[in-house]
Amino acid sequence: MLTVDFKKLGFAPGMVVLDAGCGGGRHLGEAFRYRGVNVVGIDLSGENVVTAKNTLNIMQHEGEGGGGAWLVLRCDITKLPFREGAFDAVICSEVLEHIPDDDTATGEIMRVLKHDGPLVVSVPRYLPERICWALSEAYHTEEGGHVRIYRRKELMKLLESAGARCEAQGFAHALHSPYWWLKCLVGHKNNDAWVVKTYHKFLVWDIIKKPWFTRMLDRVLNPLIAKSIVLYMKKGNHYGA
């Protein structure tokens with residue numbers, strides 16, 4: 001399940017792309033499919049790093065990659081071990097809401113991105129996330145959980161202060177918001193509740209089959225209850241700085 005619209009990023013052979021907070025590698029793997037694109041993933045979780053490495057290893061073995069190189073490292077997004085301007089593009093999806101020092105994190109992301117390079121950032125959208133917080137304290141107080149809820153203007157200000165300019169915005173996963181509301185109602189780690197299992201089966205079916213009516217429903221509902229907001233940005237302000 002992808003949150004990012006890769007068609008907006010303009011990938012080309014030879015580019016080096018960073019997935020900052022790559023998790024198990026869902027966006028990292030999609031970037032690796034592009035012909036000649038080299039990918040680097042970083043994550044603070046050792047388990048996620050192993051999963052992402054396995055994902056890319058399988059893709060490479062099955063010939064599903066685009067022929068580029070890949071590297072996955074365990075490291076802190078606030079202390080990236082890369083030189084300034086090392087990457088042609090950066091993806092940071094569903095990460096900043098977990099980071100106490102988001103100023104330093106965004107500063108590091110911008111430091112390693114080339115001037116005028118594309119940056120895509122996604123975070124949980126304010127209203128659906130606020131409902132989750134209201135329904136379950138455990139959802140947002142567990143270790144490694146969400147430490148804040150961004151309003152769009154707050155996120156924009158954070159990224160613009162770090163040196164980015166917004167090119168476009170989008171929403172994603174409206175059909176997933178009710179799933180998380182249900183989980184928060186019954187216990188956000190309770191995957192055995194009938195209503196949660198049933199809705200999860202629906203989401204898996206939707207992801208695999210992609211029927212036209214759920215795609216249409218998702219588009220209609222995204223402006224209202226999208227689980228995530230996605231900002232497509234570039235490094236540098238509108239005056240070329």
# chains A, B, ... in the order shown; residues from 1 in each chain; ligands from 1
>>> closest_atom_pairs(of="range 86-160 of chain A", to="range 218-227 of chain A", cutoff="8 Å", atoms="only C-alpha atoms", output="tab-separated table")
residue	atom	partner	partner_atom	distance
A:Pro124	CA	A:Lys227	CA	5.6
A:Arg125	CA	A:Lys227	CA	5.6
A:Leu127	CA	A:Ile225	CA	7.3
A:Pro128	CA	A:Ile225	CA	6.1
A:Glu129	CA	A:Lys227	CA	7.4
>>> residues_around(residues="Asn48 in chain A", least_positions_apart="3", cutoff="8 Å", atoms="only C-alpha atoms", output="ChimeraX atom specification")
/A:22-25,43-45,51-52
>>> residues_around(residues="Asp206 in chain A", least_positions_apart="5", cutoff="12 Å", atoms="only C-alpha atoms", output="PyMOL selection string")
chain A and resi 1+173+175-176+199-201+211-218
>>> residues_around(residues="Leu56 in chain A", least_positions_apart="6", cutoff="9 Å", atoms="only C-alpha atoms", output="list in words")
Gly25, Leu28, Gly29, Phe32, Gly65 and Trp70 of chain A
>>> write_last_selection(atoms="C-alpha atoms", output="compact mmCIF listing (two decimals), in the first residue's frame")
# COMPACT_ATOMS: atom_id res chain seq x y z
CA GLY A 25 10.47 -1.03 2.71
CA LEU A 28 11.83 1.90 -0.81
CA GLY A 29 10.83 -1.15 -2.82
CA PHE A 32 13.82 0.38 -6.50
CA GLY A 65 14.20 -4.15 -9.50
CA TRP A 70 20.51 -0.43 -2.85
>>> residues_around(residues="range 139-145 of chain A", least_positions_apart="5", cutoff="10 Å", atoms="only C-alpha atoms", output="PDB file with N, CA and C atoms, in the first residue's frame")
ATOM      1  N   SER A  45      14.629   1.316  13.661  1.00  0.00           N
ATOM      2  CA  SER A  45      14.272  -0.021  14.110  1.00  0.00           C
ATOM      3  C   SER A  45      15.110  -1.083  13.401  1.00  0.00           C
ATOM      4  N   GLU A  97       5.739  12.342  12.673  1.00  0.00           N
ATOM      5  CA  GLU A  97       4.841  12.326  13.836  1.00  0.00           C
ATOM      6  C   GLU A  97       5.400  11.488  14.984  1.00  0.00           C
ATOM      7  N   HIS A  98       6.443  10.689  14.707  1.00  0.00           N
ATOM      8  CA  HIS A  98       7.083   9.871  15.736  1.00  0.00           C
ATOM      9  C   HIS A  98       8.302  10.557  16.364  1.00  0.00           C
ATOM     10  N   ILE A  99       8.772  11.647  15.774  1.00  0.00           N
ATOM     11  CA  ILE A  99      10.071  12.223  16.132  1.00  0.00           C
ATOM     12  C   ILE A  99       9.898  13.414  17.071  1.00  0.00           C
ATOM     13  N   PRO A 100      10.380  13.319  18.327  1.00  0.00           N
ATOM     14  CA  PRO A 100      10.271  14.464  19.237  1.00  0.00           C
ATOM     15  C   PRO A 100      10.941  15.726  18.684  1.00  0.00           C
ATOM     16  N   GLU A 129      -6.720  11.570  12.827  1.00  0.00           N
ATOM     17  CA  GLU A 129      -5.764  11.253  13.884  1.00  0.00           C
ATOM     18  C   GLU A 129      -6.286  11.726  15.244  1.00  0.00           C
ATOM     19  N   CYS A 132      -8.609   9.211  16.604  1.00  0.00           N
ATOM     20  CA  CYS A 132      -7.876   8.068  17.182  1.00  0.00           C
ATOM     21  C   CYS A 132      -7.384   8.399  18.589  1.00  0.00           C
ATOM     22  N   TRP A 133      -6.840   9.582  18.779  1.00  0.00           N
ATOM     23  CA  TRP A 133      -6.330   9.983  20.091  1.00  0.00           C
ATOM     24  C   TRP A 133      -7.461  10.056  21.107  1.00  0.00           C
ATOM     25  N   ALA A 134      -8.621  10.535  20.657  1.00  0.00           N
ATOM     26  CA  ALA A 134      -9.761  10.657  21.570  1.00  0.00           C
ATOM     27  C   ALA A 134     -10.304   9.292  21.984  1.00  0.00           C
ATOM     28  N   TRP A 180      -8.804   2.261  11.647  1.00  0.00           N
ATOM     29  CA  TRP A 180      -8.067   2.666  12.847  1.00  0.00           C
ATOM     30  C   TRP A 180      -8.994   3.169  13.940  1.00  0.00           C
ATOM     31  N   LYS A 183     -10.108  -0.012  15.580  1.00  0.00           N
ATOM     32  CA  LYS A 183      -9.037  -0.566  16.400  1.00  0.00           C
ATOM     33  C   LYS A 183      -8.900   0.199  17.714  1.00  0.00           C
ATOM     34  N   CYS A 184      -9.002   1.509  17.638  1.00  0.00           N
ATOM     35  CA  CYS A 184      -8.891   2.312  18.860  1.00  0.00           C
ATOM     36  C   CYS A 184     -10.061   2.050  19.805  1.00  0.00           C
ATOM     37  N   GLY A 187      -9.250  -1.519  21.294  1.00  0.00           N
ATOM     38  CA  GLY A 187      -7.868  -1.717  21.717  1.00  0.00           C
ATOM     39  C   GLY A 187      -6.986  -1.753  20.490  1.00  0.00           C
ATOM     40  N   HIS A 188      -6.097  -0.769  20.347  1.00  0.00           N
ATOM     41  CA  HIS A 188      -5.417  -0.563  19.065  1.00  0.00           C
ATOM     42  C   HIS A 188      -4.497  -1.715  18.672  1.00  0.00           C
ATOM     43  N   LYS A 189      -4.215  -2.627  19.612  1.00  0.00           N
ATOM     44  CA  LYS A 189      -3.411  -3.810  19.285  1.00  0.00           C
ATOM     45  C   LYS A 189      -4.247  -5.089  19.304  1.00  0.00           C
TER      46      LYS A 189
END
>>> closest_atom_pairs(of="range 22-76 of chain A", to="range 6-16 of chain A", cutoff="10 Å", atoms="only C-alpha atoms", output="Markdown table")
| residue | atom | partner | partner_atom | distance |
| --- | --- | --- | --- | --- |
| A:His27 | CA | A:Phe6 | CA | 9.1 |
| A:Glu30 | CA | A:Phe6 | CA | 8.3 |
| A:Ala31 | CA | A:Phe6 | CA | 7.8 |
| A:Tyr34 | CA | A:Phe11 | CA | 7.2 |
| A:Arg35 | CA | A:Pro13 | CA | 5.8 |
| A:Gly36 | CA | A:Pro13 | CA | 4.1 |
| A:Val37 | CA | A:Met15 | CA | 5.1 |
| A:Asn38 | CA | A:Val16 | CA | 4.7 |
| A:Val39 | CA | A:Val16 | CA | 5.7 |
| A:Val40 | CA | A:Val16 | CA | 7.5 |
| A:Gly66 | CA | A:Pro13 | CA | 9.0 |
| A:Gly67 | CA | A:Pro13 | CA | 9.4 |
| A:Gly68 | CA | A:Gly14 | CA | 7.8 |
| A:Ala69 | CA | A:Val16 | CA | 9.0 |
| A:Trp70 | CA | A:Val16 | CA | 9.3 |
>>> residues_around(residues="Glu167 in chain A", least_positions_apart="5", cutoff="10 Å", atoms="only C-alpha atoms", output="list in words")
Lys8, Pro118, Leu119, Val120, Leu231, Tyr232, Met233 and Lys234 of chain A
>>> write_last_selection(atoms="C-alpha atoms", output="mmCIF file, in the first residue's frame")
data_model
loop_
_atom_site.group_PDB
_atom_site.id
_atom_site.type_symbol
_atom_site.label_atom_id
_atom_site.label_comp_id
_atom_site.auth_asym_id
_atom_site.auth_seq_id
_atom_site.Cartn_x
_atom_site.Cartn_y
_atom_site.Cartn_z
ATOM 1 C CA LYS A 8 5.041 13.224 -9.160
ATOM 2 C CA PRO A 118 12.021 16.584 -4.841
ATOM 3 C CA LEU A 119 10.972 15.872 -1.269
ATOM 4 C CA VAL A 120 7.731 14.094 -0.379
ATOM 5 C CA LEU A 231 3.118 17.224 0.591
ATOM 6 C CA TYR A 232 5.202 17.249 -2.596
ATOM 7 C CA MET A 233 8.015 19.750 -2.174
ATOM 8 C CA LYS A 234 11.375 20.802 -3.550
#
